[in-house]
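Text of target-v6.txt (compact mmCIF, C-alpha atoms and all ligand atoms) as supplied:
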# COMPACT_ATOMS: atom_id res chain seq x y z
CA MET A 37 19.63 1.67 29.48
CA SER A 38 16.35 3.27 28.46
CA THR A 39 16.36 5.48 25.38
CA ALA A 40 13.03 7.12 26.30
CA GLY A 41 13.18 10.89 26.23
CA LYS A 42 16.55 10.89 24.46
CA VAL A 43 17.54 11.52 20.86
CA ILE A 44 18.32 8.18 19.17
CA LYS A 45 21.08 8.01 16.56
CA CYS A 46 20.42 5.25 14.05
CA LYS A 47 20.65 4.26 10.41
CA ALA A 48 18.08 5.32 7.84
CA ALA A 49 17.81 5.14 4.04
CA VAL A 50 17.66 8.75 2.91
CA LEU A 51 16.48 9.85 -0.54
CA ARG A 52 18.16 13.16 -1.38
CA GLN A 53 17.58 13.32 -5.15
CA LEU A 54 15.00 11.79 -7.48
CA ASN A 55 16.04 8.66 -9.37
CA LYS A 56 19.14 8.19 -7.23
CA PRO A 57 19.90 5.23 -4.95
CA PHE A 58 19.16 5.55 -1.25
CA SER A 59 22.10 6.40 0.96
CA ILE A 60 22.25 4.69 4.33
CA GLU A 61 23.04 7.54 6.70
CA GLU A 62 23.19 8.13 10.42
CA VAL A 63 20.18 10.21 11.44
CA GLU A 64 18.97 11.62 14.74
CA VAL A 65 15.44 10.66 15.75
CA ALA A 66 13.97 13.04 18.33
CA PRO A 67 11.80 11.71 21.17
CA PRO A 68 8.05 11.63 20.51
CA LYS A 69 6.15 14.80 21.42
CA ALA A 70 2.64 14.72 22.93
CA HIS A 71 0.36 12.23 21.12
CA GLU A 72 3.29 10.73 19.21
CA VAL A 73 4.92 7.31 19.31
CA ARG A 74 8.53 6.29 18.60
CA ILE A 75 8.83 2.85 17.01
CA LYS A 76 11.79 0.47 16.63
CA MET A 77 11.34 -0.98 13.16
CA VAL A 78 11.48 -4.76 12.75
CA ALA A 79 10.40 -5.31 9.12
CA THR A 80 9.30 -3.18 6.19
CA GLY A 81 8.04 -4.09 2.75
CA ILE A 82 9.00 -2.23 -0.42
CA CYS A 83 5.83 -1.01 -2.16
CA ARG A 84 5.52 0.36 -5.68
CA SER A 85 4.40 3.70 -4.22
CA ASP A 86 7.80 4.09 -2.53
CA ASP A 87 9.31 3.71 -6.00
CA HIS A 88 6.80 6.24 -7.38
CA ALA A 89 8.24 8.71 -4.85
CA VAL A 90 11.80 7.88 -5.99
CA THR A 91 10.91 8.56 -9.65
CA GLY A 92 8.85 11.67 -8.89
CA SER A 93 5.53 10.32 -10.14
CA ILE A 94 4.33 10.88 -6.56
CA VAL A 95 5.73 14.29 -5.57
CA VAL A 96 7.12 14.50 -2.02
CA PRO A 97 9.46 17.05 -0.44
CA LEU A 98 13.14 16.03 -0.31
CA PRO A 99 15.29 14.94 1.43
CA VAL A 100 12.97 12.24 2.72
CA ILE A 101 12.88 8.91 4.53
CA LEU A 102 10.42 6.77 2.55
CA GLY A 103 8.72 3.48 3.52
CA HIS A 104 5.13 2.92 4.66
CA GLU A 105 4.45 -0.85 4.86
CA ALA A 106 5.98 -2.00 8.12
CA ALA A 107 5.77 -3.46 11.58
CA GLY A 108 7.76 -2.74 14.70
CA ILE A 109 7.80 -2.40 18.46
CA VAL A 110 6.98 0.74 20.44
CA GLU A 111 10.16 2.16 21.98
CA SER A 112 8.60 5.12 23.80
CA ILE A 113 5.48 7.27 23.82
CA GLY A 114 4.80 10.97 24.16
CA GLU A 115 2.53 12.63 26.70
CA GLY A 116 -1.14 11.73 26.45
CA VAL A 117 -0.70 8.56 24.39
CA THR A 118 -3.21 5.95 25.57
CA THR A 119 -3.67 3.40 22.77
CA VAL A 120 -0.14 1.92 22.71
CA LYS A 121 2.66 1.46 25.25
CA PRO A 122 6.39 0.62 25.08
CA GLY A 123 6.91 -3.01 24.04
CA ASP A 124 3.67 -3.27 22.02
CA LYS A 125 3.86 -4.71 18.53
CA VAL A 126 2.47 -2.15 16.09
CA ILE A 127 1.84 -1.34 12.43
CA PRO A 128 2.22 2.29 11.26
CA LEU A 129 -0.78 3.64 9.30
CA PHE A 130 -0.13 5.77 6.21
CA THR A 131 -3.83 6.63 6.17
CA PRO A 132 -4.44 7.76 9.76
CA GLN A 133 -7.71 7.54 11.66
CA CYS A 134 -8.21 10.60 13.87
CA GLY A 135 -11.71 9.47 14.84
CA LYS A 136 -12.92 13.08 14.93
CA CYS A 137 -13.12 14.41 11.39
CA ARG A 138 -16.15 14.15 9.11
CA ILE A 139 -14.58 11.25 7.20
CA CYS A 140 -13.69 9.26 10.33
CA LYS A 141 -17.26 9.74 11.58
CA HIS A 142 -18.72 8.61 8.24
CA PRO A 143 -19.58 4.89 8.48
CA GLU A 144 -18.11 3.96 5.10
CA SER A 145 -15.24 6.37 4.39
CA ASN A 146 -11.62 6.05 5.50
CA PHE A 147 -9.63 8.89 3.91
CA CYS A 148 -9.16 10.76 7.22
CA LEU A 149 -8.70 14.49 6.67
CA THR A 150 -5.41 14.48 8.58
CA ASN A 151 -3.75 12.34 5.86
CA ASP A 152 -0.56 13.58 4.18
CA LEU A 153 -1.28 11.87 0.84
CA GLY A 154 -2.98 14.55 -1.25
CA LYS A 155 -0.56 17.46 -0.97
CA PRO A 156 2.30 16.00 1.05
CA GLN A 157 3.97 18.29 3.58
CA GLY A 158 6.39 15.59 4.73
CA MET A 159 5.87 16.48 8.39
CA LEU A 160 4.06 15.06 11.40
CA LEU A 161 0.69 16.54 12.35
CA ASP A 162 2.22 19.43 14.31
CA GLY A 163 4.02 20.56 11.12
CA THR A 164 7.55 19.60 12.19
CA SER A 165 9.94 16.69 11.60
CA ARG A 166 11.49 14.36 14.18
CA PHE A 167 14.37 13.43 11.84
CA THR A 168 17.60 15.34 11.38
CA CYS A 169 20.87 14.44 9.70
CA LYS A 170 23.91 16.44 10.79
CA GLY A 171 21.48 18.96 12.27
CA LYS A 172 19.42 19.46 9.08
CA PRO A 173 15.79 18.28 9.00
CA ILE A 174 14.74 15.30 6.86
CA HIS A 175 11.12 14.96 5.72
CA HIS A 176 8.72 12.27 6.84
CA PHE A 177 6.80 10.28 4.21
CA ILE A 178 3.00 9.92 4.55
CA GLY A 179 3.39 10.00 8.32
CA THR A 180 5.27 6.68 8.47
CA SER A 181 8.93 6.76 7.19
CA THR A 182 9.68 3.12 7.84
CA PHE A 183 13.04 2.91 6.00
CA SER A 184 14.73 3.79 9.28
CA GLN A 185 15.74 1.78 12.34
CA TYR A 186 13.54 4.13 14.39
CA THR A 187 10.66 6.36 13.35
CA VAL A 188 8.15 8.65 15.06
CA VAL A 189 4.47 8.64 14.09
CA ASP A 190 1.33 10.35 15.34
CA GLU A 191 -0.76 8.22 17.69
CA ILE A 192 -3.63 8.31 15.17
CA ALA A 193 -1.24 6.69 12.65
CA VAL A 194 -0.32 3.53 14.54
CA ALA A 195 -2.25 0.38 15.47
CA LYS A 196 -1.45 -2.09 18.23
CA ILE A 197 -1.52 -5.68 16.99
CA ASP A 198 -1.43 -9.22 18.46
CA ALA A 199 1.76 -9.77 20.47
CA ALA A 200 2.21 -13.16 18.79
CA ALA A 201 2.10 -11.81 15.22
CA PRO A 202 5.17 -12.46 13.01
CA LEU A 203 6.22 -8.91 12.13
CA GLU A 204 8.21 -9.94 9.05
CA LYS A 205 4.94 -11.09 7.49
CA VAL A 206 2.17 -8.89 8.91
CA CYS A 207 4.08 -5.78 7.83
CA LEU A 208 2.30 -6.33 4.50
CA ILE A 209 -1.01 -5.56 6.25
CA GLY A 210 0.36 -2.01 6.53
CA CYS A 211 -0.23 -1.44 2.81
CA GLY A 212 -0.17 -3.91 -0.07
CA PHE A 213 -2.28 -6.72 1.31
CA SER A 214 -4.97 -4.51 2.87
CA THR A 215 -5.14 -2.19 -0.13
CA GLY A 216 -5.85 -5.09 -2.48
CA TYR A 217 -7.94 -7.31 -0.23
CA GLY A 218 -10.12 -4.42 0.98
CA SER A 219 -10.67 -3.22 -2.59
CA ALA A 220 -12.42 -6.53 -3.24
CA VAL A 221 -14.23 -7.24 0.03
CA LYS A 222 -14.96 -3.71 1.24
CA VAL A 223 -14.90 -1.29 -1.72
CA ALA A 224 -16.34 -3.45 -4.53
CA LYS A 225 -18.16 -5.75 -2.09
CA VAL A 226 -17.63 -8.71 -4.39
CA THR A 227 -20.58 -11.12 -4.23
CA PRO A 228 -20.62 -14.94 -4.14
CA GLY A 229 -20.74 -16.53 -7.60
CA SER A 230 -19.66 -13.34 -9.38
CA THR A 231 -17.10 -12.87 -12.17
CA CYS A 232 -14.12 -10.53 -11.57
CA ALA A 233 -11.26 -9.15 -13.66
CA VAL A 234 -8.04 -7.94 -12.05
CA PHE A 235 -5.64 -5.76 -14.09
CA GLY A 236 -2.08 -5.90 -12.72
CA LEU A 237 -0.63 -8.82 -10.77
CA GLY A 238 1.83 -7.17 -8.41
CA GLY A 239 1.49 -7.62 -4.64
CA VAL A 240 -1.62 -5.45 -4.55
CA GLY A 241 -3.31 -7.15 -7.52
CA LEU A 242 -2.65 -10.59 -6.04
CA SER A 243 -4.25 -9.38 -2.80
CA VAL A 244 -7.30 -8.24 -4.79
CA ILE A 245 -7.52 -11.79 -6.17
CA MET A 246 -7.36 -13.19 -2.61
CA GLY A 247 -10.20 -10.84 -1.62
CA CYS A 248 -12.32 -11.85 -4.63
CA LYS A 249 -11.78 -15.51 -3.75
CA ALA A 250 -12.57 -14.97 -0.06
CA ALA A 251 -15.79 -13.18 -1.08
CA GLY A 252 -16.84 -16.24 -3.11
CA ALA A 253 -16.27 -15.08 -6.70
CA SER A 254 -16.59 -18.05 -9.05
CA ARG A 255 -14.49 -16.66 -11.90
CA ILE A 256 -11.42 -14.46 -11.48
CA ILE A 257 -9.75 -13.30 -14.71
CA ALA A 258 -6.18 -12.07 -14.10
CA VAL A 259 -4.66 -9.62 -16.61
CA ASP A 260 -0.97 -8.71 -16.96
CA ILE A 261 1.57 -8.06 -19.71
CA ASN A 262 4.16 -10.10 -17.79
CA LYS A 263 3.19 -13.76 -18.09
CA ASP A 264 5.69 -14.69 -15.38
CA LYS A 265 3.07 -13.33 -12.96
CA PHE A 266 0.48 -15.93 -13.97
CA PRO A 267 1.51 -18.98 -11.89
CA LYS A 268 1.31 -16.97 -8.66
CA ALA A 269 -2.02 -15.43 -9.69
CA LYS A 270 -3.41 -18.95 -10.16
CA GLU A 271 -1.93 -20.04 -6.82
CA VAL A 272 -3.88 -17.31 -4.98
CA GLY A 273 -7.18 -17.88 -6.80
CA ALA A 274 -7.24 -16.67 -10.43
CA THR A 275 -9.26 -19.04 -12.58
CA GLU A 276 -7.78 -17.78 -15.87
CA CYS A 277 -4.90 -15.49 -16.87
CA ILE A 278 -4.70 -13.35 -19.99
CA ASN A 279 -1.99 -11.20 -21.57
CA PRO A 280 -3.34 -8.22 -23.58
CA GLN A 281 -0.31 -8.54 -25.90
CA ASP A 282 -1.57 -11.94 -27.10
CA TYR A 283 -4.66 -10.34 -28.72
CA LYS A 284 -5.15 -8.04 -31.70
CA LYS A 285 -8.35 -6.52 -30.29
CA PRO A 286 -8.50 -4.38 -27.13
CA ILE A 287 -8.47 -6.46 -23.95
CA GLN A 288 -11.84 -5.07 -22.82
CA GLU A 289 -13.46 -6.61 -25.92
CA VAL A 290 -11.84 -9.95 -25.14
CA ILE A 291 -13.14 -9.80 -21.56
CA GLN A 292 -16.64 -8.72 -22.66
CA GLU A 293 -16.78 -11.70 -25.03
CA ILE A 294 -15.76 -14.28 -22.46
CA SER A 295 -17.99 -12.86 -19.70
CA ASP A 296 -21.40 -12.44 -21.35
CA GLY A 297 -20.99 -8.70 -21.94
CA GLY A 298 -18.68 -7.80 -19.08
CA VAL A 299 -17.62 -8.90 -15.62
CA ASP A 300 -19.48 -8.04 -12.40
CA PHE A 301 -16.39 -6.48 -10.80
CA SER A 302 -13.20 -5.14 -12.38
CA PHE A 303 -10.11 -3.71 -10.69
CA GLU A 304 -7.27 -1.54 -12.03
CA VAL A 305 -4.19 -2.30 -9.95
CA ILE A 306 -1.47 -0.82 -12.16
CA GLY A 307 -1.83 2.98 -12.00
CA ARG A 308 -2.19 3.74 -15.74
CA LEU A 309 -4.94 5.76 -17.40
CA ASP A 310 -5.29 3.40 -20.39
CA THR A 311 -5.79 0.36 -18.16
CA MET A 312 -8.27 2.30 -15.98
CA VAL A 313 -10.42 2.78 -19.09
CA ALA A 314 -9.90 -0.84 -20.18
CA SER A 315 -10.90 -2.00 -16.70
CA LEU A 316 -13.99 0.25 -16.68
CA LEU A 317 -15.10 -1.07 -20.06
CA SER A 318 -14.48 -4.67 -18.96
CA CYS A 319 -17.23 -4.51 -16.36
CA HIS A 320 -20.82 -4.87 -17.53
CA GLY A 321 -22.32 -1.59 -18.77
CA ALA A 322 -25.56 -2.02 -16.85
CA CYS A 323 -24.63 -3.86 -13.67
CA GLY A 324 -20.82 -3.85 -13.37
CA THR A 325 -18.67 -2.14 -10.76
CA SER A 326 -15.13 -1.01 -11.55
CA VAL A 327 -12.68 -0.09 -8.81
CA ILE A 328 -9.55 2.02 -9.28
CA VAL A 329 -6.78 0.89 -6.94
CA GLY A 330 -3.70 2.27 -8.73
CA VAL A 331 -2.70 5.92 -8.57
CA PRO A 332 -1.79 7.48 -11.94
CA PRO A 333 1.37 9.57 -12.35
CA ASP A 334 1.05 13.02 -10.78
CA SER A 335 -1.63 15.33 -12.22
CA GLN A 336 -2.80 13.05 -15.05
CA SER A 337 -6.55 12.93 -15.67
CA LEU A 338 -9.10 11.10 -17.77
CA THR A 339 -11.92 12.12 -20.11
CA VAL A 340 -14.83 9.68 -20.28
CA ASN A 341 -18.17 9.51 -22.02
CA PRO A 342 -20.86 9.91 -19.30
CA MET A 343 -22.96 7.30 -21.10
CA LEU A 344 -20.56 4.70 -19.75
CA LEU A 345 -22.01 5.44 -16.30
CA LEU A 346 -25.55 6.46 -17.27
CA SER A 347 -26.10 2.93 -18.54
CA GLY A 348 -25.80 1.73 -14.94
CA ARG A 349 -22.13 1.08 -14.25
CA THR A 350 -20.55 2.01 -10.92
CA TRP A 351 -17.03 3.47 -10.89
CA LYS A 352 -15.24 3.88 -7.60
CA GLY A 353 -11.89 3.95 -5.88
CA ALA A 354 -10.38 4.00 -2.41
CA ILE A 355 -7.11 4.26 -0.56
CA PHE A 356 -6.05 1.41 1.73
CA GLY A 357 -8.85 -0.85 0.56
CA GLY A 358 -11.45 1.42 2.14
CA PHE A 359 -10.46 0.18 5.61
CA LYS A 360 -10.59 2.55 8.58
CA SER A 361 -6.99 1.92 9.48
CA LYS A 362 -6.70 2.01 13.26
CA ASP A 363 -9.88 -0.07 13.69
CA SER A 364 -9.22 -2.55 10.89
CA VAL A 365 -5.48 -3.34 11.00
CA PRO A 366 -5.63 -5.21 14.35
CA LYS A 367 -8.61 -7.21 13.04
CA LEU A 368 -6.80 -8.07 9.79
CA VAL A 369 -3.83 -9.28 11.86
CA ASP A 370 -6.25 -11.41 13.93
CA ASP A 371 -7.69 -12.86 10.70
CA PHE A 372 -4.14 -13.64 9.54
CA MET A 373 -3.38 -15.35 12.87
CA ALA A 374 -6.64 -17.34 12.47
CA LYS A 375 -5.29 -18.47 9.04
CA LYS A 376 -8.13 -16.80 7.09
CA PHE A 377 -5.53 -15.80 4.48
CA SER A 378 -1.84 -16.35 3.85
CA LEU A 379 0.76 -13.68 3.19
CA ASP A 380 3.45 -16.13 2.07
CA PRO A 381 2.58 -15.97 -1.66
CA LEU A 382 3.29 -12.24 -1.61
CA ILE A 383 6.76 -12.52 -0.05
CA THR A 384 9.35 -13.41 -2.69
CA ASN A 385 12.49 -11.92 -1.14
CA VAL A 386 13.82 -11.09 2.32
CA LEU A 387 16.90 -8.86 2.62
CA PRO A 388 18.70 -7.05 5.42
CA PHE A 389 17.69 -3.36 5.56
CA GLU A 390 21.13 -2.26 4.33
CA LYS A 391 20.39 -3.95 0.96
CA ILE A 392 17.43 -1.67 0.27
CA ASN A 393 18.75 -0.62 -3.16
CA GLU A 394 18.93 -4.28 -4.18
CA GLY A 395 15.30 -4.63 -3.06
CA PHE A 396 14.24 -1.74 -5.30
CA ASP A 397 16.17 -3.24 -8.24
CA LEU A 398 14.20 -6.47 -7.75
CA LEU A 399 10.90 -4.55 -7.82
CA ARG A 400 11.88 -2.59 -10.95
CA SER A 401 13.00 -5.70 -12.80
CA GLY A 402 9.57 -7.27 -12.22
CA LYS A 403 11.30 -10.21 -10.49
CA SER A 404 9.86 -9.73 -7.01
CA ILE A 405 6.35 -9.41 -5.65
CA ARG A 406 7.31 -8.11 -2.25
CA THR A 407 10.77 -7.76 -0.78
CA ILE A 408 10.76 -7.56 3.00
CA LEU A 409 13.65 -5.67 4.58
CA THR A 410 14.51 -6.82 8.08
CA PHE A 411 16.28 -4.68 10.68
N1 LIG B 1 -1.27 -3.92 -18.71
C1 LIG B 1 -1.32 -4.96 -17.84
N2 LIG B 1 -0.49 -5.11 -16.79
C2 LIG B 1 0.47 -4.18 -16.62
C3 LIG B 1 0.62 -3.08 -17.51
C4 LIG B 1 -0.31 -2.97 -18.59
N3 LIG B 1 -0.27 -1.97 -19.46
N4 LIG B 1 1.65 -2.33 -17.08
C5 LIG B 1 2.14 -2.93 -15.99
N5 LIG B 1 1.44 -4.05 -15.71
C6 LIG B 1 1.64 -4.98 -14.61
C7 LIG B 1 3.08 -5.24 -14.27
O1 LIG B 1 3.65 -6.25 -15.08
C8 LIG B 1 2.97 -5.69 -12.80
O2 LIG B 1 2.82 -7.08 -12.68
C9 LIG B 1 1.67 -5.01 -12.30
O3 LIG B 1 1.07 -4.41 -13.44
C10 LIG B 1 1.95 -3.90 -11.26
O4 LIG B 1 2.49 -4.46 -10.14
P1 LIG B 1 3.58 -3.73 -9.20
O5 LIG B 1 4.33 -4.83 -8.51
O6 LIG B 1 4.32 -2.75 -10.00
O7 LIG B 1 2.73 -2.89 -8.19
P2 LIG B 1 2.00 -3.16 -6.78
O8 LIG B 1 1.07 -4.32 -6.88
O9 LIG B 1 3.00 -3.20 -5.68
O10 LIG B 1 1.18 -1.80 -6.62
C11 LIG B 1 0.34 -1.41 -7.60
C12 LIG B 1 -0.42 -0.11 -7.26
C13 LIG B 1 -1.17 0.26 -8.50
C14 LIG B 1 -1.39 -0.35 -6.15
C15 LIG B 1 0.56 1.00 -6.85
O11 LIG B 1 1.51 1.23 -7.81
C16 LIG B 1 -0.18 2.29 -6.65
O12 LIG B 1 -0.49 3.03 -7.55
N6 LIG B 1 -0.49 2.55 -5.40
C17 LIG B 1 -1.21 3.67 -5.03
C18 LIG B 1 -2.46 3.24 -4.34
C19 LIG B 1 -2.39 3.51 -2.89
O13 LIG B 1 -3.25 3.06 -2.17
N7 LIG B 1 -1.36 4.20 -2.47
C20 LIG B 1 -1.09 4.47 -1.12
C21 LIG B 1 0.13 3.76 -0.63
S1 LIG B 1 0.59 2.45 -1.64
ZN ZN B 2 1.99 1.08 -0.52
ZN ZN B 3 -10.11 11.65 10.69

For this file, produce the structure as structure tokens.
Amino acid sequence: MSTAGKVIKCKAAVLRQLNKPFSIEEVEVAPPKAHEVRIKMVATGICRSDDHAVTGSIVVPLPVILGHEAAGIVESIGEGVTTVKPGDKVIPLFTPQCGKCRICKHPESNFCLTNDLGKPQGMLLDGTSRFTCKGKPIHHFIGTSTFSQYTVVDEIAVAKIDAAAPLEKVCLIGCGFSTGYGSAVKVAKVTPGSTCAVFGLGGVGLSVIMGCKAAGASRIIAVDINKDKFPKAKEVGATECINPQDYKKPIQEVIQEISDGGVDFSFEVIGRLDTMVASLLSCHGACGTSVIVGVPPDSQSLTVNPMLLLSGRTWKGAIFGGFKSKDSVPKLVDDFMAKKFSLDPLITNVLPFEKINEGFDLLRSGKSIRTILTF
């Protein structure tokens, strides 16, 4: 029996209080309104940013259904939807692409003005929620809310992908992989033969390494305080791995010494102010480019000496690897299907959705790269 046009009752992981486990609750998911799409979730990754929302270092309105790195199948569509249809395999897009705003029209930028990342409202574009629990509204999370058996997203926040794609793998293209890979190939524009340094070897940092390698970097220096991350970093392309705790001097001095004054491209993929400065100083003062990938805890800021940039450095950052999401996600899935990169090294654990709290424990203990929850 078709569920189109009807309210769907299903299970979702609801966060009601900061720093508390998720509770699996029955929620009601309203049918999609005009220009919206209801999706049956098949697989979702657990990203560090979801955990940042749990701890409050990313501030979002509660109660909320988190999750933003996922893949699923369209269950039904609202009026006027033309780019997806029921049965299509799709990836939700936490950075939407409206195609109309100044940023979408800009050839290089991707941070569409309709995004809900800066000052999150926790609602769909029309300012309302499609989720209720016992009649009370639950907030959306960056327009995606994938920790639910069903979710509703705006049409500008969903991309149709290859019908043959394995959803339990390509879900990572919804955030971690693309964020890292794009930071190397699209934001930094890593050049063949160059030297790179990557700070932080979680799922996103490893994806940066894959991007550096794909772009032809000849040296990739991987930096982490957890040496257990080194074997995997080498597997995906790091040529050397260093632990700042093994040195008395600051890590940027170590990197400058081993790279003739500084690397060509450096990446901060941790989300800490001190490592953003260390990463900046690790790239060459006259010709280096440093990219910020991590988001620091809410409202923290940095003071830097302008001379660090006047000497010729470039300092930049981007969300979602600089990719225009609706255009790029289907192409990244095609590249995955054509075996241009592998997602297997990023997937360390697969758990049923109900074990979401176990998945977060694995992330917090540093034991997992990515846990995929399957529905
Ligand atoms: N020095 C070196 N390494 C460190 C340090 C330190 N002081 N502190 C922690 N680390 C290492 C950890 O051991 C770990 O290996 C790694 O840094 C971080 O990895 P994860 O697994 O915690 O995180 P990822 O890879 O899943 O995500 C990292 C981001 C920085 C990308 C993420 O936390 C973030 O800030 N995302 C926001 C960026 C974004 O695009 N957000 C939108 C949706 S994600
Ligand atoms: Zn993420
Ligand atoms: Zn836009």

Range 88-94 of chain A environment, 10 Å, all atoms listed in the file, sequence neighbours closer than 2 positions dropped, as an MDAnalysis selection string:
chainID A and resid 51:58 83:86 96:98 100 102:103 153:156 177 331:335 396

Taking into account only C-alpha atoms, which residue in the set A:Gly330, A:Gly395, A:Gly41, A:Gly357 is nearest to Gly218 in chain A?
A:Gly357

Skip Pro132 in chain A itself and residues of its chain fewer than 4 positions away, then list as a PDB file with C-alpha atoms, in the frame of the given file all residues within 7 Å of it, counting only C-alpha atoms.
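To be explicit, this is the file written out as part_19.pdb:
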ATOM      1  CA  CYS A 148      -9.160  10.760   7.220  1.00  0.00           C
ATOM      2  CA  THR A 150      -5.410  14.480   8.580  1.00  0.00           C
ATOM      3  CA  ASN A 151      -3.750  12.340   5.860  1.00  0.00           C
ATOM      4  CA  ILE A 192      -3.630   8.310  15.170  1.00  0.00           C
ATOM      5  CA  ALA A 193      -1.240   6.690  12.650  1.00  0.00           C
ATOM      6  CA  SER A 361      -6.990   1.920   9.480  1.00  0.00           C
TER       7      SER A 361
END

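Ranking A:Ala79, A:Val223, A:Val299, A:Leu317 by their shortest atom-to-atom distance to Glu105 in chain A, with all atoms listed in the file included, puts A:Ala79 first.
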
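What separates atom C10 of ligand LIG 1 (chain B) from CA of Ile209 in chain A is a distance of 17.8 Å.
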
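The space separating CA of Thr180 in chain A from CA of Lys352 in chain A comes to 26.2 Å.
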
So that I can see what lies close to Ser219 in chain A, please list as a PyMOL selection string the residues with an atom at most 9 Å from it, counting all atoms listed in the file and leaving out residues fewer than 4 positions away in the same chain.
chain A and resi 214-215+223-225+243-244+247+303+327-329+353-359

Taking only C-alpha atoms and all ligand atoms and a cut-off of 10 Å, can you tell me which residues surround ligand ZN 3 (chain B), written as a ChimeraX atom specification?
/A:131-142,145-151,192,360

Residues from the last selection, C-alpha atoms, saved as a short mmCIF file (atom, residue, chain, number, x, y, z; two decimals), in the coordinates of the input:
data_model
loop_
_atom_site.label_atom_id
_atom_site.label_comp_id
_atom_site.auth_asym_id
_atom_site.auth_seq_id
_atom_site.Cartn_x
_atom_site.Cartn_y
_atom_site.Cartn_z
CA THR A 131 -3.83 6.63 6.17
CA PRO A 132 -4.44 7.76 9.76
CA GLN A 133 -7.71 7.54 11.66
CA CYS A 134 -8.21 10.60 13.87
CA GLY A 135 -11.71 9.47 14.84
CA LYS A 136 -12.92 13.08 14.93
CA CYS A 137 -13.12 14.41 11.39
CA ARG A 138 -16.15 14.15 9.11
CA ILE A 139 -14.58 11.25 7.20
CA CYS A 140 -13.69 9.26 10.33
CA LYS A 141 -17.26 9.74 11.58
CA HIS A 142 -18.72 8.61 8.24
CA SER A 145 -15.24 6.37 4.39
CA ASN A 146 -11.62 6.05 5.50
CA PHE A 147 -9.63 8.89 3.91
CA CYS A 148 -9.16 10.76 7.22
CA LEU A 149 -8.70 14.49 6.67
CA THR A 150 -5.41 14.48 8.58
CA ASN A 151 -3.75 12.34 5.86
CA ILE A 192 -3.63 8.31 15.17
CA LYS A 360 -10.59 2.55 8.58
#

Please list as a PyMOL selection string every residue within 12 Å of Ile82 in chain A, counting all atoms listed in the file and excluding residues in the same chain fewer than 4 positions away.
chain A and resi 86-90+102-106+181-183+207-208+210-212+238-240+382-387+389+391-400+404-410

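The gap separating CA of Gln336 in chain A from CA of Phe266 in chain A is 29.2 Å, in Å to one decimal.
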
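With distances restricted to only C-alpha atoms, A:His320 is the closest residue to Leu344 in chain A from A:His175, A:Lys367, A:His320, A:Lys47.
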
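Shortest separation to ligand ZN 2 (chain B) among A:Thr325, A:Phe130, A:Lys45, A:Thr119 occurs at residue A:Phe130, atoms counted being all atoms listed in the file.
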
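Candidate residues A:Leu338, A:Leu237, A:Leu346, A:Ile178 were compared for distance to ligand ZN 2 (chain B), and the nearest is A:Ile178, using all atoms listed in the file.
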
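Closest to Tyr186 in chain A among A:Ile306, A:Ile291, A:Ala107, A:Ala258 is A:Ala107, based on only C-alpha atoms.
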
Take the point (17.4, 11.8, 11.1) as written in the file and pick out every residue within 12 Å of it, counting only C-alpha atoms; give the list as a CSV table (one decimal) with C-alpha atoms, in the frame of the given file.
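Output (result29.csv):
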chain,number,residue,atom,x,y,z
A,43,VAL,CA,17.5,11.5,20.9
A,44,ILE,CA,18.3,8.2,19.2
A,45,LYS,CA,21.1,8.0,16.6
A,46,CYS,CA,20.4,5.2,14.0
A,47,LYS,CA,20.6,4.3,10.4
A,48,ALA,CA,18.1,5.3,7.8
A,49,ALA,CA,17.8,5.1,4.0
A,50,VAL,CA,17.7,8.8,2.9
A,51,LEU,CA,16.5,9.8,-0.5
A,60,ILE,CA,22.2,4.7,4.3
A,61,GLU,CA,23.0,7.5,6.7
A,62,GLU,CA,23.2,8.1,10.4
A,63,VAL,CA,20.2,10.2,11.4
A,64,GLU,CA,19.0,11.6,14.7
A,65,VAL,CA,15.4,10.7,15.8
A,66,ALA,CA,14.0,13.0,18.3
A,67,PRO,CA,11.8,11.7,21.2
A,99,PRO,CA,15.3,14.9,1.4
A,100,VAL,CA,13.0,12.2,2.7
A,101,ILE,CA,12.9,8.9,4.5
A,165,SER,CA,9.9,16.7,11.6
A,166,ARG,CA,11.5,14.4,14.2
A,167,PHE,CA,14.4,13.4,11.8
A,168,THR,CA,17.6,15.3,11.4
A,169,CYS,CA,20.9,14.4,9.7
A,170,LYS,CA,23.9,16.4,10.8
A,171,GLY,CA,21.5,19.0,12.3
A,172,LYS,CA,19.4,19.5,9.1
A,173,PRO,CA,15.8,18.3,9.0
A,174,ILE,CA,14.7,15.3,6.9
A,175,HIS,CA,11.1,15.0,5.7
A,176,HIS,CA,8.7,12.3,6.8
A,181,SER,CA,8.9,6.8,7.2
A,183,PHE,CA,13.0,2.9,6.0
A,184,SER,CA,14.7,3.8,9.3
A,185,GLN,CA,15.7,1.8,12.3
A,186,TYR,CA,13.5,4.1,14.4
A,187,THR,CA,10.7,6.4,13.4
A,188,VAL,CA,8.2,8.6,15.1

May I have the centre and edge lengths, in Å to one decimal, of an axis-aligned box around the listed atoms of range 188-203 of chain A with 3 Å added to every side, as JSON?
{"center_x": 2.3, "center_y": -1.4, "center_z": 16.3, "size_x": 17.8, "size_y": 29.5, "size_z": 14.3}
